Structures are given as structure tokens and as C-alpha cells.
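Q: Take a look at the following structure, please.
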Amino acid sequence: MAWLMDHRAEFEHLVRDRLGVTTASQVRWSGPRLICVAGDFTRYDVHAVREHRRSIDLVRYRFFASDLLGLETVASANGGTQVARRARRGLVAQAAAGVQGAAMVEL
């Protein structure tokens with residue numbers, strides 16, 4: 001995250017080139033969030049996220065069968081306060097309802 005904040009111009013240029021000027025202008029630098037996605041994390045990774053006091057999420061992925069992907073939040077910190085998993089699940093359920101309808105909510 002420190003690298004991103006130090007190289008803001010390079011990131012904005014990359015976003016502008018790949019996604020367009022409109023999208024680049026919508027990047028909010030006031031509250032950056034880092035999401036690390038990996039097959040697994042160590043207890044040291046989890047501890048570092050909790051001590052860092054920035055908005056950082058560790059998300060573990062797992063493959064199930066040949067066409068299913070599972071994502072699990074391993075650790076999450078939101079600018080110094082831990083985000084409750086129950087609240088996060090509620091947000092995910094709300095987002096899924098908006099995208100897939102009743103079938104996804106039931107799932």
C-alpha cells in the first residue's frame with residue numbers, strides 16, 4: 001500500500017490507459033483499500049494486517065471441482081478497526097441479491 005501511495009501518478013496513468021479517463025477520475029485516494037488474494041496466508045500475515053491499522057483484507061481462494069471458486073475472508077482491518085465477519089456477510093448477501101436475484105439470496 002505504501003508503494004501505491006508513493007506511485008499514485010503511475011497508477012492513475014495505468015487506470016487511464018486501461019479503463020479510460022472517466023474511471024481514472026473516480027479513484028478516491030482519501031481511503032485506499034488493499035485486498036490480498038492468495039491460496040493461503042500464514043499467522044504472521046494475519047497478525048501484520050491486524051497491527052498495520054490500514055484498510056487491508058486477506059482473502060483466501062479455493063477451487064472446488066473444475067468450475068467453482070470459493071473466497072473466504074481470513075483477516076480484515078478497516079483503518080484500525082476490525083470488521084465483523086457477520087456484517088461483511090450481510091453486505092455480500094445484499095450485493096448478491098442485487099446481481100442474481102432471489103436464487104442467489106437463497107443460496
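Scheme for the C-alpha cells: letters A, B, ... for chains in order shown; per-chain residue numbers from 1; ligand numbers from 1 in order shown.
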If we count only C-alpha atoms, what is near range 35-42 of chain A at a cut-off of 12 Å, once residues fewer than 6 positions away on the same chain are taken out, given as a list of chain:residue names?
A: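 Selected residues are A:Met1, A:Ala48, A:Val49, A:Arg54, A:Ser55, A:Ile56, A:Asp57, A:Leu58, A:Val59, A:Arg60, A:Tyr61, A:Arg62, A:Phe63, A:Leu69, A:Gly70, A:Leu71, A:Glu72, A:Thr73, A:Val74, A:Ala75, A:Ser76, A:Ala77, A:Asn78.
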Q: Any chance you can output those residues with N, CA, C and O atoms as a compact mmCIF listing (two decimals), in the first residue's frame?
A:
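As a result, out05.txt now contains:
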```txt
# COMPACT_ATOMS: atom_id res chain seq x y z
N MET A 1 0.83 -1.17 0.00
CA MET A 1 0.00 0.00 0.00
C MET A 1 0.88 1.25 0.00
O MET A 1 0.54 2.23 -0.65
N ALA A 48 0.09 -9.21 10.91
CA ALA A 48 0.53 -7.96 10.29
C ALA A 48 -0.65 -7.10 9.88
O ALA A 48 -0.64 -5.88 10.06
N VAL A 49 -1.70 -7.72 9.34
CA VAL A 49 -2.89 -6.96 8.93
C VAL A 49 -3.53 -6.31 10.13
O VAL A 49 -3.91 -5.13 10.09
N ARG A 54 -4.42 -0.15 8.64
CA ARG A 54 -4.88 0.36 7.35
C ARG A 54 -6.00 -0.54 6.88
O ARG A 54 -6.24 -1.60 7.42
N SER A 55 -6.69 -0.12 5.81
CA SER A 55 -7.77 -0.95 5.25
C SER A 55 -7.15 -2.05 4.40
O SER A 55 -6.81 -1.83 3.24
N ILE A 56 -7.01 -3.22 5.00
CA ILE A 56 -6.40 -4.37 4.32
C ILE A 56 -7.26 -5.59 4.56
O ILE A 56 -7.69 -5.85 5.68
N ASP A 57 -7.51 -6.35 3.50
CA ASP A 57 -8.24 -7.61 3.59
C ASP A 57 -7.36 -8.73 3.06
O ASP A 57 -6.71 -8.57 2.02
N LEU A 58 -7.35 -9.85 3.74
CA LEU A 58 -6.71 -11.07 3.25
C LEU A 58 -7.83 -12.02 2.85
O LEU A 58 -8.68 -12.36 3.67
N VAL A 59 -7.83 -12.42 1.59
CA VAL A 59 -8.90 -13.28 1.06
C VAL A 59 -8.25 -14.56 0.50
O VAL A 59 -7.39 -14.50 -0.37
N ARG A 60 -8.69 -15.69 1.04
CA ARG A 60 -8.19 -17.00 0.59
C ARG A 60 -9.11 -17.53 -0.49
O ARG A 60 -10.33 -17.47 -0.37
N TYR A 61 -8.52 -18.05 -1.55
CA TYR A 61 -9.32 -18.69 -2.60
C TYR A 61 -9.10 -20.20 -2.56
O TYR A 61 -8.05 -20.67 -2.16
N ARG A 62 -10.13 -20.91 -2.97
CA ARG A 62 -10.05 -22.37 -3.09
C ARG A 62 -10.87 -22.78 -4.30
O ARG A 62 -11.93 -22.23 -4.56
N PHE A 63 -10.33 -23.74 -5.02
CA PHE A 63 -11.06 -24.28 -6.18
C PHE A 63 -11.84 -25.52 -5.74
O PHE A 63 -11.32 -26.35 -5.01
N LEU A 69 -15.25 -21.61 -7.58
CA LEU A 69 -14.22 -20.91 -6.84
C LEU A 69 -14.81 -20.39 -5.55
O LEU A 69 -15.87 -19.76 -5.55
N GLY A 70 -14.16 -20.66 -4.43
CA GLY A 70 -14.62 -20.15 -3.14
C GLY A 70 -13.69 -19.07 -2.65
O GLY A 70 -12.47 -19.17 -2.80
N LEU A 71 -14.24 -18.03 -2.07
CA LEU A 71 -13.47 -16.94 -1.48
C LEU A 71 -13.83 -16.81 -0.01
O LEU A 71 -15.00 -16.81 0.34
N GLU A 72 -12.81 -16.72 0.84
CA GLU A 72 -13.04 -16.62 2.28
C GLU A 72 -12.18 -15.49 2.84
O GLU A 72 -10.98 -15.45 2.61
N THR A 73 -12.79 -14.58 3.58
CA THR A 73 -12.04 -13.52 4.23
C THR A 73 -11.33 -14.11 5.44
O THR A 73 -11.98 -14.61 6.36
N VAL A 74 -10.01 -14.07 5.42
CA VAL A 74 -9.20 -14.62 6.50
C VAL A 74 -8.98 -13.58 7.59
O VAL A 74 -9.08 -13.87 8.78
N ALA A 75 -8.69 -12.35 7.18
CA ALA A 75 -8.49 -11.25 8.13
C ALA A 75 -8.89 -9.97 7.44
O ALA A 75 -8.75 -9.83 6.22
N SER A 76 -9.37 -9.04 8.23
CA SER A 76 -9.81 -7.78 7.67
C SER A 76 -9.62 -6.68 8.69
O SER A 76 -9.97 -6.84 9.85
N ALA A 77 -9.03 -5.59 8.27
CA ALA A 77 -8.88 -4.42 9.13
C ALA A 77 -9.35 -3.22 8.34
O ALA A 77 -9.08 -3.10 7.14
N ASN A 78 -10.06 -2.34 8.99
CA ASN A 78 -10.62 -1.18 8.31
C ASN A 78 -10.11 0.09 8.99
O ASN A 78 -10.77 0.64 9.85
```
Q: Quick check, in Å to one decimal: how far apart do CA of Ser25 in chain A and CA of Arg8 in chain A lie?
A: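 Between these atoms lies a distance of 12.6 Å.
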Q: Taking the backbone alone, and naming residues the way the document does, which bits of range 4-68 of chain A are alpha helix (DSSP H) by DSSP, as JSON, numbers by chain?
A: {"A": [4, 5, 6, 8, 9, 10, 11, 12, 13, 14, 15, 16, 17, 18, 19, 21, 22, 23, 24, 25, 43, 44, 45, 46, 47, 48, 49, 50, 51, 52]}
Q: Provide the CA of His7 in chain A to CA of Glu51 in chain A distance in Å, to one decimal place.
A: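 Spanning CA of His7 in chain A to CA of Glu51 in chain A is a straight-line distance of 23.5 Å.
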Q: Taking the backbone alone, and naming residues the way the document does, which bits of range 29-78 of chain A are strand (DSSP E or B) by DSSP, as a ChimeraX atom specification?
A: /A:34-38,56-64,68-78
Q: What is the CA of Glu12 in chain A-CA of Ala24 in chain A distance in Å, reported with one decimal?
A: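 Separating CA of Glu12 in chain A from CA of Ala24 in chain A is a distance of 6.1 Å.
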